[in-house]
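Written out below as structure tokens is the structure these notes cover.
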Amino acid sequence: MRKVSKLSEVARLAGVAPITASRAIRGAGYVSAETRERIMAAAAQLHYTPDPLARRMRGDRSRLLGVFVNNYGPVVLHEIIRALSTHARAQGYDLLLFNAERFDSPDRMATCDLLGKLCDGLMVVMPGADDRFLDAIERQQVASVVICFDARPLAVPVVAAENRLGARVAVNHLLELGHRRIAYIAGNPGTGQSAERERGYVDALLAAGIAADPALVVNGAFVQPGGYAATEQLLALPVPPTAIFAANDEMAFGAIDAINSRGLKVPHDISVIGFDDIPTASCVFPKLTTMHQPFDTIAAYAVREVVGMIAGQMTGPARIAFPARLTVRDSTGPAPQAASMPTTPRRPARARRVPVSGT
């Protein structure tokens with residue numbers, strides 16, 4: 001195992017004082033070009049890397065952004081982190097990813113505090129409403145942004161998609177195809193996104209003069225097997241739906257599998273629409289109609305917001321919401337009894353910034 005070199009060893013090899021070596025490596029204070037080159041050559045020879053925690057203790061920036069997630073499972077999470085990494089690197093930062101599940105003991109909360117001290121800023125992706133580390137992040141005086149969260153007001157900025165409006169657009173698409181018996185497969189309640197999408201689902205039905213039927217709302221836990229099981233339950237109803245709106249693409253894939261297993265066809269017998277537009281949505285058969293979440297835009301804004309706070313820009317506990325875009329593919333079609341009805345997709349609204357109250 002290679003020995004970790006110390007700054008004093010770099011200074012000794014370069015023939016300078018430790019403070020001069022520190023200035024050169026940190027890029028702070030005057031050091032002549034010739035001396036700086038000699039110091040950097042010595043650092044490279046000794047494989048020296050600065051200690052980020054020590055830098056933070058001196059008041060320097062670590063150039064790290066901490067990313068908290070509460071599980072690694074959802075495909076949508078991978079897409080968000082990929083986009084965050086791209087935009088963080090463009091701003092000169094690296095990501096430190098931390099699985100924040102089960103913050104149920106003092107030592108775990110201490111880890112949260114440590115990362116807050118190590119990283120220049122924190123980004124929390126899809127937390128649950130009851131996650132205790134949210135309280136710790138709200139207390140800390142650290143630049144922080146929460147991503148894809150709709151459960152409750154927070155004391156830090158939140159960046160997300162327009163879940164309620166996006167769901168309404170999705171259901172309107174089905175209504176315009178002639179569907180009247182439309183089911184909703186819900187996800188876990190943790191982030192609040194499923195509940196917002198359900199509200200949009202109900203909004204669209206009520207606007208069309210259709211009463212929401214509780215029997216048509218089934219939980220699928222945001223996973224493909226859950227979407228399969230929920231669809232089996234829906235197909236067993238005395239009057240099954242002619243269309244299914246799933247709160248994410250993974251559950252929509254499960255719905256399509258369940259429909260196919262019954263010998264039915266998508267969209268000829270039942271239409272299916274998802275939410276997220278993960279890469280697999282355009283590869284399954286039939287290709288999935290879905291609501292496209294602007295992950296890149298959300299990530300770019302989140303990184304820009306947290307980097308701005310690191311630089312001292314003031315911001316309040318506002319929520320910025322970007323519209324989801326309807327992406328029509330092959331999994332939706334006219335209702336069986338309305339095959340000749342015309343379709344007119346509606347345009348989503350523009351992003352809007354919503355002030356968050358303390359209630």
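How things are named: the first chain in the structure tokens is A, the next is B, and so on; residues count from 1 in each chain; ligands count from 1 in the order shown.
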
Query raised in the report: Which residues come within 8 Å of range 78-80 of chain A, counting only C-alpha atoms, excluding same-chain residues fewer than 6 positions away, as a list in words?
Result: Tyr72, Ile278, Phe295, Asp296 and Ala299 of chain A

Query - Picked from range 120-186 of chain A by DSSP as alpha helix (DSSP H), as a ChimeraX atom specification - result: /A:132-139,163-176

Within 12 Å of range 143-160 of chain A, which residues of range 282-346 of chain A show up? Give each one with its shortest atom-to-atom distance in Å (one decimal) and the two atoms involved, counting only C-alpha atoms, rows by chain then rising residue number, as a Markdown table.
```
| residue | atom | partner | partner_atom | distance |
| --- | --- | --- | --- | --- |
| A:Gln293 | CA | A:Ala160 | CA | 9.0 |
| A:Pro294 | CA | A:Ala160 | CA | 9.1 |
| A:Phe295 | CA | A:Ala160 | CA | 8.9 |
| A:Asp296 | CA | A:Ala160 | CA | 11.3 |
| A:Thr297 | CA | A:Ala160 | CA | 9.7 |
| A:Ile298 | CA | A:Val159 | CA | 6.3 |
| A:Ala299 | CA | A:Ile147 | CA | 8.2 |
| A:Ala300 | CA | A:Val159 | CA | 10.1 |
| A:Tyr301 | CA | A:Val159 | CA | 7.5 |
| A:Ala302 | CA | A:Val159 | CA | 6.4 |
| A:Val303 | CA | A:Val145 | CA | 8.3 |
| A:Arg304 | CA | A:Val145 | CA | 10.0 |
| A:Glu305 | CA | A:Val145 | CA | 7.4 |
| A:Val306 | CA | A:Ala143 | CA | 5.7 |
| A:Val307 | CA | A:Ala143 | CA | 7.8 |
| A:Gly308 | CA | A:Ala143 | CA | 8.6 |
| A:Met309 | CA | A:Ala143 | CA | 5.5 |
| A:Ile310 | CA | A:Ala143 | CA | 5.8 |
| A:Ala311 | CA | A:Ala143 | CA | 9.3 |
| A:Gly312 | CA | A:Ala143 | CA | 9.1 |
| A:Gln313 | CA | A:Ala143 | CA | 9.9 |
| A:Met314 | CA | A:Ala143 | CA | 10.0 |
| A:Thr315 | CA | A:Pro157 | CA | 7.7 |
| A:Gly316 | CA | A:Pro157 | CA | 6.6 |
| A:Pro317 | CA | A:Val156 | CA | 4.6 |
| A:Ala318 | CA | A:Pro157 | CA | 5.0 |
| A:Arg319 | CA | A:Val158 | CA | 4.6 |
| A:Ile320 | CA | A:Val159 | CA | 5.0 |
| A:Ala321 | CA | A:Ala160 | CA | 5.1 |
| A:Phe322 | CA | A:Ala160 | CA | 6.4 |
| A:Pro323 | CA | A:Ala160 | CA | 8.9 |
| A:Ala324 | CA | A:Ala160 | CA | 9.8 |
```

Query raised in the report: Which one is closest to Pro189 in chain A: A:Leu96, A:Met126, A:Ala90, A:Ala258? Count only C-alpha atoms.
Result: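 Of A:Leu96, A:Met126, A:Ala90, A:Ala258, the one nearest Pro189 in chain A, counting only C-alpha atoms, is A:Met126.
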
Query raised in the report: For Val75 in chain A, which residue out of A:Gln224, A:Thr49, A:Thr35, A:Thr191 is the nearest one, using only C-alpha atoms?
Result: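 Ranked by minimum distance to Val75 in chain A, first place goes to A:Gln224.
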
Requested in this report: Write down as number ranges by chain the residues belonging to range 112-258 of chain A that are assigned strand (DSSP E or B) by DSSP computed on the backbone.
Outcome: A: 121-125, 143-147, 158-161, 182-186, 217-219, 243-246

Those same residues - N, CA, C and O atoms - I'd like them written as an mmCIF file, in the first residue's frame.
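Output saved as part-v8.cif:
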```
data_model
loop_
_atom_site.group_PDB
_atom_site.id
_atom_site.type_symbol
_atom_site.label_atom_id
_atom_site.label_comp_id
_atom_site.auth_asym_id
_atom_site.auth_seq_id
_atom_site.Cartn_x
_atom_site.Cartn_y
_atom_site.Cartn_z
ATOM 1 N N GLY A 121 -21.530 22.131 -0.614
ATOM 2 C CA GLY A 121 -22.981 22.230 -0.726
ATOM 3 C C GLY A 121 -23.584 20.839 -0.776
ATOM 4 O O GLY A 121 -22.884 19.852 -1.020
ATOM 5 N N LEU A 122 -24.885 20.764 -0.542
ATOM 6 C CA LEU A 122 -25.586 19.482 -0.502
ATOM 7 C C LEU A 122 -26.791 19.505 -1.439
ATOM 8 O O LEU A 122 -27.487 20.528 -1.546
ATOM 9 N N MET A 123 -27.027 18.376 -2.099
ATOM 10 C CA MET A 123 -28.214 18.204 -2.925
ATOM 11 C C MET A 123 -28.903 16.914 -2.485
ATOM 12 O O MET A 123 -28.266 15.862 -2.420
ATOM 13 N N VAL A 124 -30.170 17.006 -2.158
ATOM 14 C CA VAL A 124 -30.934 15.870 -1.649
ATOM 15 C C VAL A 124 -31.918 15.448 -2.725
ATOM 16 O O VAL A 124 -32.762 16.246 -3.142
ATOM 17 N N VAL A 125 -31.809 14.197 -3.185
ATOM 18 C CA VAL A 125 -32.607 13.732 -4.319
ATOM 19 C C VAL A 125 -33.711 12.794 -3.844
ATOM 20 O O VAL A 125 -33.446 11.766 -3.226
ATOM 21 N N ALA A 143 -25.136 25.415 2.044
ATOM 22 C CA ALA A 143 -25.876 25.597 0.794
ATOM 23 C C ALA A 143 -26.525 24.267 0.408
ATOM 24 O O ALA A 143 -25.833 23.280 0.212
ATOM 25 N N SER A 144 -27.846 24.241 0.314
ATOM 26 C CA SER A 144 -28.556 22.986 0.077
ATOM 27 C C SER A 144 -29.726 23.193 -0.861
ATOM 28 O O SER A 144 -30.401 24.229 -0.829
ATOM 29 N N VAL A 145 -29.986 22.174 -1.682
ATOM 30 C CA VAL A 145 -31.125 22.155 -2.596
ATOM 31 C C VAL A 145 -31.743 20.763 -2.541
ATOM 32 O O VAL A 145 -31.026 19.765 -2.469
ATOM 33 N N VAL A 146 -33.062 20.696 -2.548
ATOM 34 C CA VAL A 146 -33.777 19.420 -2.579
ATOM 35 C C VAL A 146 -34.374 19.233 -3.971
ATOM 36 O O VAL A 146 -34.909 20.179 -4.559
ATOM 37 N N ILE A 147 -34.265 18.021 -4.496
ATOM 38 C CA ILE A 147 -34.654 17.731 -5.879
ATOM 39 C C ILE A 147 -35.770 16.690 -5.902
ATOM 40 O O ILE A 147 -35.682 15.659 -5.237
ATOM 41 N N VAL A 158 -36.390 23.982 -3.464
ATOM 42 C CA VAL A 158 -36.778 22.690 -4.039
ATOM 43 C C VAL A 158 -36.892 22.854 -5.555
ATOM 44 O O VAL A 158 -37.481 23.828 -6.040
ATOM 45 N N VAL A 159 -36.311 21.908 -6.294
ATOM 46 C CA VAL A 159 -36.386 21.905 -7.756
ATOM 47 C C VAL A 159 -37.056 20.610 -8.187
ATOM 48 O O VAL A 159 -36.644 19.524 -7.761
ATOM 49 N N ALA A 160 -38.097 20.704 -8.996
ATOM 50 C CA ALA A 160 -38.868 19.512 -9.348
ATOM 51 C C ALA A 160 -39.576 19.716 -10.675
ATOM 52 O O ALA A 160 -39.473 20.775 -11.298
ATOM 53 N N ALA A 161 -40.311 18.675 -11.080
ATOM 54 C CA ALA A 161 -41.198 18.778 -12.232
ATOM 55 C C ALA A 161 -42.577 19.208 -11.752
ATOM 56 O O ALA A 161 -42.916 19.087 -10.571
ATOM 57 N N ILE A 182 -60.543 5.362 -16.752
ATOM 58 C CA ILE A 182 -59.082 5.485 -16.700
ATOM 59 C C ILE A 182 -58.612 5.162 -15.288
ATOM 60 O O ILE A 182 -59.090 5.748 -14.310
ATOM 61 N N ALA A 183 -57.674 4.244 -15.174
ATOM 62 C CA ALA A 183 -57.134 3.848 -13.873
ATOM 63 C C ALA A 183 -55.837 4.601 -13.589
ATOM 64 O O ALA A 183 -55.157 5.090 -14.501
ATOM 65 N N TYR A 184 -55.510 4.673 -12.307
ATOM 66 C CA TYR A 184 -54.251 5.284 -11.874
ATOM 67 C C TYR A 184 -53.492 4.302 -10.999
ATOM 68 O O TYR A 184 -54.028 3.788 -10.007
ATOM 69 N N ILE A 185 -52.231 4.006 -11.361
ATOM 70 C CA ILE A 185 -51.361 3.180 -10.525
ATOM 71 C C ILE A 185 -50.438 4.122 -9.771
ATOM 72 O O ILE A 185 -49.588 4.794 -10.368
ATOM 73 N N ALA A 186 -50.622 4.182 -8.465
ATOM 74 C CA ALA A 186 -49.882 5.109 -7.614
ATOM 75 C C ALA A 186 -48.553 4.510 -7.175
ATOM 76 O O ALA A 186 -48.350 3.295 -7.220
ATOM 77 N N VAL A 217 -57.952 3.231 -8.520
ATOM 78 C CA VAL A 217 -56.675 3.718 -7.995
ATOM 79 C C VAL A 217 -56.037 2.605 -7.170
ATOM 80 O O VAL A 217 -56.571 2.195 -6.139
ATOM 81 N N VAL A 218 -54.887 2.105 -7.647
ATOM 82 C CA VAL A 218 -54.216 0.967 -7.016
ATOM 83 C C VAL A 218 -52.743 1.313 -6.840
ATOM 84 O O VAL A 218 -52.143 1.971 -7.691
ATOM 85 N N ASN A 219 -52.148 0.885 -5.734
ATOM 86 C CA ASN A 219 -50.743 1.200 -5.473
ATOM 87 C C ASN A 219 -49.820 0.173 -6.125
ATOM 88 O O ASN A 219 -50.062 -1.028 -6.038
ATOM 89 N N ALA A 243 -57.912 2.359 -20.077
ATOM 90 C CA ALA A 243 -56.610 3.031 -20.097
ATOM 91 C C ALA A 243 -56.049 3.077 -18.686
ATOM 92 O O ALA A 243 -56.800 3.123 -17.705
ATOM 93 N N ILE A 244 -54.731 3.046 -18.596
ATOM 94 C CA ILE A 244 -54.035 3.090 -17.305
ATOM 95 C C ILE A 244 -52.978 4.189 -17.351
ATOM 96 O O ILE A 244 -52.159 4.241 -18.277
ATOM 97 N N PHE A 245 -53.025 5.054 -16.348
ATOM 98 C CA PHE A 245 -51.968 6.050 -16.143
ATOM 99 C C PHE A 245 -51.144 5.586 -14.955
ATOM 100 O O PHE A 245 -51.648 5.498 -13.836
ATOM 101 N N ALA A 246 -49.880 5.264 -15.191
ATOM 102 C CA ALA A 246 -48.977 4.824 -14.122
ATOM 103 C C ALA A 246 -48.120 6.002 -13.683
ATOM 104 O O ALA A 246 -47.644 6.778 -14.525
#
```

Requested in this report: Using CA of Ala11 in chain A and CA of Ala42 in chain A as the two end points, give the distance in Å to one decimal.
Outcome: 7.9 Å
